[in-house]
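Undergrad: One structure coming up, written as structure tokens, with questions to follow.
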Amino acid sequence: MPSATVPHIFDQSTRLLRYRRAKALRQRGGSANWLDGDMIEDFLDRIDFMNLSAGSARTLGHVSASLNTELSKRGFDVVSTDLGAFDEEQIWPIQPADYIFAMRTLSTLNDVPGALLHIRHALSEGGIMFAQILGAGSLPTLREIMLAADGDRPAARIHPQIDNQAASALLARAGFSKQVVDSRTLTVRFSSFERMVADLREQALTGILADRPPPLSRRGLERAREAFETRRDADGKVAERFEILALTGWR
């Protein structure tokens, strides 16, 4: 897609910094990793359900060693690529692969149609892309808490999100011969506002908007904590919802 038509929604330098911080924390051990764990399990379930033949596989994004290990156990020839190794919005400088697994990459790119087009071209004939992203409807509790924190001067703090219909249209626009989009809900319960923020930070889920919102004031942070407290359930925890979209496209 011509760069003149691409909206500048996300700051890619900040995106890379968030990813590298999360990766470093994961390598040290003890950091939150429940979102990636859920996505990896879904990838593997799809492989088994579809009874896929082993082949060359490229993994990209928030991929832990467990996905690569499990793919290798199933006979796949795996090459894993870190975010930042190349520009995902340009032609991928790789040999075509039978399978591409993109985890949490597409929803934080500015040129999603272009990125999908390049993924399709990076597939072998008949190859399959599996992608997972956070979709529309994610983080409703945090959205409400941030609105309460900002008071009468609300700021855009939650990323724009892609829904099922838009994802299907994007896959078709990129020229995939067949596409499937489905969703599932992951509910996570937090004991404190600080734990919620820490879990998001440890998984590179904090904001990377190019138009950065102002930092919360001390009073704003107090309001955020107060809003969190009002949402506690009987077990004393607050539930947050993550809508995960699984995109599958055949070249």
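Residue numbers start at 1 in each chain; chains themselves are named A, B, ... in the order of the structure tokens; ligands are numbered from 1 in the order shown.
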In region 59-229 of chain A, what's helix (DSSP H, G or I) per DSSP? Answer as a PyMOL selection string?
TA: chain A and resi 65-73+106-108+112-121+140-150+164-173+193-202+218-229
Undergrad: Could you go through region 6-221 of chain A and tell me which residues DSSP, when run on the backbone, assigns to strand (DSSP E or B), listing them as a PDB file with N, CA and C atoms, in the first residue's frame?
TA:
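Okay, out23.pdb is ready:
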```
ATOM      1  N   PHE A  10       0.229   3.820  15.064  1.00  0.00           N
ATOM      2  CA  PHE A  10       1.120   3.222  16.059  1.00  0.00           C
ATOM      3  C   PHE A  10       2.559   3.667  15.835  1.00  0.00           C
ATOM      4  N   SER A  56       7.996 -26.504   6.071  1.00  0.00           N
ATOM      5  CA  SER A  56       8.772 -25.361   6.553  1.00  0.00           C
ATOM      6  C   SER A  56       7.836 -24.374   7.236  1.00  0.00           C
ATOM      7  N   ALA A  57       8.263 -23.854   8.374  1.00  0.00           N
ATOM      8  CA  ALA A  57       7.426 -22.947   9.159  1.00  0.00           C
ATOM      9  C   ALA A  57       8.238 -21.741   9.598  1.00  0.00           C
ATOM     10  N   ARG A  58       7.627 -20.589   9.493  1.00  0.00           N
ATOM     11  CA  ARG A  58       8.224 -19.342   9.973  1.00  0.00           C
ATOM     12  C   ARG A  58       7.356 -18.815  11.105  1.00  0.00           C
ATOM     13  N   THR A  59       7.950 -18.578  12.268  1.00  0.00           N
ATOM     14  CA  THR A  59       7.218 -17.988  13.387  1.00  0.00           C
ATOM     15  C   THR A  59       7.702 -16.562  13.586  1.00  0.00           C
ATOM     16  N   LEU A  60       6.743 -15.678  13.849  1.00  0.00           N
ATOM     17  CA  LEU A  60       7.066 -14.256  13.970  1.00  0.00           C
ATOM     18  C   LEU A  60       6.245 -13.647  15.089  1.00  0.00           C
ATOM     19  N   GLY A  61       6.877 -12.778  15.852  1.00  0.00           N
ATOM     20  CA  GLY A  61       6.138 -12.013  16.850  1.00  0.00           C
ATOM     21  C   GLY A  61       6.430 -12.462  18.258  1.00  0.00           C
ATOM     22  N   ASP A  77      10.055 -27.827  10.041  1.00  0.00           N
ATOM     23  CA  ASP A  77      11.369 -27.176   9.954  1.00  0.00           C
ATOM     24  C   ASP A  77      11.154 -25.704  10.293  1.00  0.00           C
ATOM     25  N   VAL A  78      11.502 -25.295  11.512  1.00  0.00           N
ATOM     26  CA  VAL A  78      11.092 -24.004  12.058  1.00  0.00           C
ATOM     27  C   VAL A  78      12.219 -22.981  11.998  1.00  0.00           C
ATOM     28  N   VAL A  79      11.869 -21.800  11.520  1.00  0.00           N
ATOM     29  CA  VAL A  79      12.740 -20.630  11.624  1.00  0.00           C
ATOM     30  C   VAL A  79      11.955 -19.559  12.368  1.00  0.00           C
ATOM     31  N   SER A  80      12.511 -19.075  13.475  1.00  0.00           N
ATOM     32  CA  SER A  80      11.831 -18.067  14.290  1.00  0.00           C
ATOM     33  C   SER A  80      12.467 -16.707  14.061  1.00  0.00           C
ATOM     34  N   THR A  81      11.631 -15.697  13.913  1.00  0.00           N
ATOM     35  CA  THR A  81      12.108 -14.345  13.632  1.00  0.00           C
ATOM     36  C   THR A  81      11.586 -13.377  14.678  1.00  0.00           C
ATOM     37  N   ALA A  97       7.730 -20.019   2.826  1.00  0.00           N
ATOM     38  CA  ALA A  97       7.510 -21.066   3.828  1.00  0.00           C
ATOM     39  C   ALA A  97       6.143 -21.696   3.610  1.00  0.00           C
ATOM     40  N   ASP A  98       6.019 -22.943   4.012  1.00  0.00           N
ATOM     41  CA  ASP A  98       4.728 -23.625   3.901  1.00  0.00           C
ATOM     42  C   ASP A  98       3.716 -23.078   4.902  1.00  0.00           C
ATOM     43  N   TYR A  99       4.223 -22.655   6.056  1.00  0.00           N
ATOM     44  CA  TYR A  99       3.350 -22.129   7.110  1.00  0.00           C
ATOM     45  C   TYR A  99       3.997 -20.900   7.735  1.00  0.00           C
ATOM     46  N   ILE A 100       3.177 -19.909   8.012  1.00  0.00           N
ATOM     47  CA  ILE A 100       3.633 -18.735   8.757  1.00  0.00           C
ATOM     48  C   ILE A 100       2.728 -18.568   9.969  1.00  0.00           C
ATOM     49  N   PHE A 101       3.341 -18.452  11.120  1.00  0.00           N
ATOM     50  CA  PHE A 101       2.623 -18.224  12.376  1.00  0.00           C
ATOM     51  C   PHE A 101       2.978 -16.826  12.870  1.00  0.00           C
ATOM     52  N   ALA A 102       1.996 -15.935  12.855  1.00  0.00           N
ATOM     53  CA  ALA A 102       2.214 -14.547  13.286  1.00  0.00           C
ATOM     54  C   ALA A 102       1.412 -14.305  14.558  1.00  0.00           C
ATOM     55  N   MET A 103       2.099 -14.070  15.644  1.00  0.00           N
ATOM     56  CA  MET A 103       1.423 -13.943  16.933  1.00  0.00           C
ATOM     57  C   MET A 103       1.495 -12.509  17.450  1.00  0.00           C
ATOM     58  N   LEU A 123       4.465 -16.974   1.552  1.00  0.00           N
ATOM     59  CA  LEU A 123       4.032 -18.366   1.645  1.00  0.00           C
ATOM     60  C   LEU A 123       4.343 -19.120   0.354  1.00  0.00           C
ATOM     61  N   SER A 124       4.637 -20.398   0.494  1.00  0.00           N
ATOM     62  CA  SER A 124       4.725 -21.260  -0.679  1.00  0.00           C
ATOM     63  C   SER A 124       3.331 -21.410  -1.282  1.00  0.00           C
ATOM     64  N   GLU A 125       3.267 -21.878  -2.533  1.00  0.00           N
ATOM     65  CA  GLU A 125       1.965 -22.136  -3.140  1.00  0.00           C
ATOM     66  C   GLU A 125       1.191 -23.137  -2.280  1.00  0.00           C
ATOM     67  N   GLY A 126      -0.040 -22.767  -1.932  1.00  0.00           N
ATOM     68  CA  GLY A 126      -0.842 -23.624  -1.074  1.00  0.00           C
ATOM     69  C   GLY A 126      -0.519 -23.509   0.397  1.00  0.00           C
ATOM     70  N   GLY A 127       0.413 -22.607   0.739  1.00  0.00           N
ATOM     71  CA  GLY A 127       0.800 -22.433   2.133  1.00  0.00           C
ATOM     72  C   GLY A 127      -0.296 -21.765   2.955  1.00  0.00           C
ATOM     73  N   ILE A 128      -0.155 -21.841   4.272  1.00  0.00           N
ATOM     74  CA  ILE A 128      -1.186 -21.334   5.181  1.00  0.00           C
ATOM     75  C   ILE A 128      -0.577 -20.373   6.191  1.00  0.00           C
ATOM     76  N   MET A 129      -1.251 -19.258   6.385  1.00  0.00           N
ATOM     77  CA  MET A 129      -0.899 -18.320   7.448  1.00  0.00           C
ATOM     78  C   MET A 129      -1.835 -18.520   8.628  1.00  0.00           C
ATOM     79  N   PHE A 130      -1.259 -18.592   9.812  1.00  0.00           N
ATOM     80  CA  PHE A 130      -2.025 -18.582  11.054  1.00  0.00           C
ATOM     81  C   PHE A 130      -1.619 -17.332  11.832  1.00  0.00           C
ATOM     82  N   ALA A 131      -2.589 -16.505  12.165  1.00  0.00           N
ATOM     83  CA  ALA A 131      -2.285 -15.287  12.920  1.00  0.00           C
ATOM     84  C   ALA A 131      -3.248 -15.162  14.088  1.00  0.00           C
ATOM     85  N   GLN A 132      -2.771 -14.585  15.170  1.00  0.00           N
ATOM     86  CA  GLN A 132      -3.613 -14.337  16.341  1.00  0.00           C
ATOM     87  C   GLN A 132      -3.403 -12.896  16.781  1.00  0.00           C
ATOM     88  N   ILE A 133      -4.512 -12.220  17.051  1.00  0.00           N
ATOM     89  CA  ILE A 133      -4.446 -10.838  17.513  1.00  0.00           C
ATOM     90  C   ILE A 133      -5.503 -10.616  18.591  1.00  0.00           C
ATOM     91  N   LEU A 134      -5.334  -9.538  19.350  1.00  0.00           N
ATOM     92  CA  LEU A 134      -6.410  -9.084  20.227  1.00  0.00           C
ATOM     93  C   LEU A 134      -7.405  -8.321  19.372  1.00  0.00           C
ATOM     94  N   GLY A 135      -8.666  -8.711  19.449  1.00  0.00           N
ATOM     95  CA  GLY A 135      -9.676  -8.117  18.592  1.00  0.00           C
ATOM     96  C   GLY A 135     -10.616  -7.179  19.315  1.00  0.00           C
ATOM     97  N   ILE A 162      -9.572  -4.520  15.729  1.00  0.00           N
ATOM     98  CA  ILE A 162     -10.134  -5.120  14.521  1.00  0.00           C
ATOM     99  C   ILE A 162     -11.191  -6.145  14.912  1.00  0.00           C
ATOM    100  N   LYS A 178      -8.516 -18.534   0.314  1.00  0.00           N
ATOM    101  CA  LYS A 178      -9.549 -18.913   1.283  1.00  0.00           C
ATOM    102  C   LYS A 178      -9.161 -18.320   2.618  1.00  0.00           C
ATOM    103  N   GLN A 179     -10.150 -17.897   3.385  1.00  0.00           N
ATOM    104  CA  GLN A 179      -9.837 -17.318   4.684  1.00  0.00           C
ATOM    105  C   GLN A 179     -10.897 -17.702   5.710  1.00  0.00           C
ATOM    106  N   VAL A 180     -10.451 -17.864   6.929  1.00  0.00           N
ATOM    107  CA  VAL A 180     -11.339 -18.167   8.050  1.00  0.00           C
ATOM    108  C   VAL A 180     -10.937 -17.274   9.214  1.00  0.00           C
ATOM    109  N   VAL A 181     -11.924 -16.652   9.838  1.00  0.00           N
ATOM    110  CA  VAL A 181     -11.682 -15.848  11.039  1.00  0.00           C
ATOM    111  C   VAL A 181     -12.645 -16.315  12.116  1.00  0.00           C
ATOM    112  N   ASP A 182     -12.128 -16.658  13.249  1.00  0.00           N
ATOM    113  CA  ASP A 182     -12.999 -16.987  14.378  1.00  0.00           C
ATOM    114  C   ASP A 182     -12.441 -16.344  15.638  1.00  0.00           C
ATOM    115  N   SER A 183     -13.235 -16.342  16.671  1.00  0.00           N
ATOM    116  CA  SER A 183     -12.829 -15.645  17.893  1.00  0.00           C
ATOM    117  C   SER A 183     -13.150 -16.480  19.119  1.00  0.00           C
ATOM    118  N   ARG A 184     -12.495 -16.130  20.189  1.00  0.00           N
ATOM    119  CA  ARG A 184     -12.762 -16.749  21.486  1.00  0.00           C
ATOM    120  C   ARG A 184     -12.492 -15.699  22.555  1.00  0.00           C
ATOM    121  N   THR A 185     -13.053 -15.929  23.723  1.00  0.00           N
ATOM    122  CA  THR A 185     -12.904 -14.981  24.820  1.00  0.00           C
ATOM    123  C   THR A 185     -12.027 -15.579  25.908  1.00  0.00           C
ATOM    124  N   LEU A 186     -11.035 -14.810  26.319  1.00  0.00           N
ATOM    125  CA  LEU A 186     -10.189 -15.182  27.448  1.00  0.00           C
ATOM    126  C   LEU A 186     -10.473 -14.192  28.574  1.00  0.00           C
ATOM    127  N   THR A 187     -10.922 -14.695  29.713  1.00  0.00           N
ATOM    128  CA  THR A 187     -11.204 -13.844  30.868  1.00  0.00           C
ATOM    129  C   THR A 187     -10.120 -14.049  31.919  1.00  0.00           C
ATOM    130  N   VAL A 188      -9.541 -12.943  32.350  1.00  0.00           N
ATOM    131  CA  VAL A 188      -8.464 -12.979  33.348  1.00  0.00           C
ATOM    132  C   VAL A 188      -8.907 -12.152  34.549  1.00  0.00           C
ATOM    133  N   ARG A 189      -8.596 -12.636  35.742  1.00  0.00           N
ATOM    134  CA  ARG A 189      -9.021 -11.970  36.969  1.00  0.00           C
ATOM    135  C   ARG A 189      -7.802 -11.398  37.690  1.00  0.00           C
ATOM    136  N   PHE A 190      -7.935 -10.149  38.108  1.00  0.00           N
ATOM    137  CA  PHE A 190      -6.815  -9.442  38.724  1.00  0.00           C
ATOM    138  C   PHE A 190      -7.136  -9.060  40.161  1.00  0.00           C
ATOM    139  N   LEU A 209       0.492   4.115  20.927  1.00  0.00           N
ATOM    140  CA  LEU A 209      -0.116   5.059  20.000  1.00  0.00           C
ATOM    141  C   LEU A 209       0.876   6.146  19.609  1.00  0.00           C
TER     142      LEU A 209
END
```
Undergrad: Report as a ChimeraX atom specification all protein, DNA and RNA residues lying within 9 Å of region 217-225 of chain A, evaluated on only C-alpha atoms, omitting residues in the same chain fewer than 6 positions from it.
TA: /A:145-151,192-194
Undergrad: Give the answer as one residue: which of A:Arg173, A:Arg195, A:Arg241, A:Arg120 has the shortest atom-to-atom distance to Arg143 (chain A), using only C-alpha atoms?
TA: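 The shortest atom-to-atom distance to Arg143 (chain A) comes from A:Arg241.
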Undergrad: So which residues touch Asp163 (chain A) within 9 Å, counting only C-alpha atoms, skipping near sequence neighbours fewer than 4 positions away, as a PyMOL selection string?
TA: chain A and resi 135-137+167-168+245
Undergrad: Give me a file of those residues, with C-alpha atoms, as a PDB file, in the first residue's frame.
TA:
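So the final result, stored in again_27.pdb, reads:
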```
ATOM      1  CA  GLY A 135      -9.676  -8.117  18.592  1.00  0.00           C
ATOM      2  CA  ALA A 136     -12.574  -5.746  19.098  1.00  0.00           C
ATOM      3  CA  GLY A 137     -14.179  -5.968  22.516  1.00  0.00           C
ATOM      4  CA  ALA A 167     -10.420  -9.177   9.587  1.00  0.00           C
ATOM      5  CA  SER A 168     -12.198 -11.296   6.966  1.00  0.00           C
ATOM      6  CA  LEU A 245      -9.148 -13.297  16.805  1.00  0.00           C
TER       7      LEU A 245
END
```
Undergrad: Please provide as a ChimeraX atom specification all residues within 10 Å of Asp38 (chain A), with the sequence filter that same-chain residues fewer than 5 positions apart are discarded (counting only C-alpha atoms).
TA: /A:33,43,186,244
Undergrad: Those same residues, written as a compact mmCIF listing (two decimals), in the first residue's frame with C-alpha atoms?
TA:
```txt
# COMPACT_ATOMS: atom_id res chain seq x y z
CA ASN A 33 2.73 -15.01 29.91
CA PHE A 43 -2.08 -22.75 17.19
CA LEU A 186 -10.19 -15.18 27.45
CA ILE A 244 -8.78 -13.15 20.57
```
Undergrad: Rank nothing, just name the residue among A:Ala174, A:Ala204, A:Val6, A:Ala85 nearest to His118 (chain A), using only C-alpha atoms.
TA: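 Nearest candidate to His118 (chain A) out of A:Ala174, A:Ala204, A:Val6, A:Ala85: A:Ala174.
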Undergrad: Which is closer to Arg15 (chain A) than all the others in A:Leu83, A:Leu216, A:Ala198, A:Leu117, using only C-alpha atoms?
TA: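 Of A:Leu83, A:Leu216, A:Ala198, A:Leu117, the one nearest Arg15 (chain A) is A:Leu83, counting only C-alpha atoms.
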Undergrad: Could you pull the residues within 8 Å of Ser177 (chain A), counting only C-alpha atoms, minus those fewer than 4 positions along the same chain, as JSON, numbers by chain?
TA: {"A": [172, 249, 250, 251]}
Undergrad: Go through A:Arg74, A:Lys237, A:His62, A:Arg201 and flag the residue nearest Met39 (chain A), using only C-alpha atoms for the distances.
TA: A:His62
Undergrad: Smallest atom-to-atom distance to Pro113 (chain A): which of A:Thr14, A:Gln90, A:Ser138, A:Gln161, using only C-alpha atoms?
TA: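 Of the candidates, the smallest distance to Pro113 (chain A) is held by A:Gln90.
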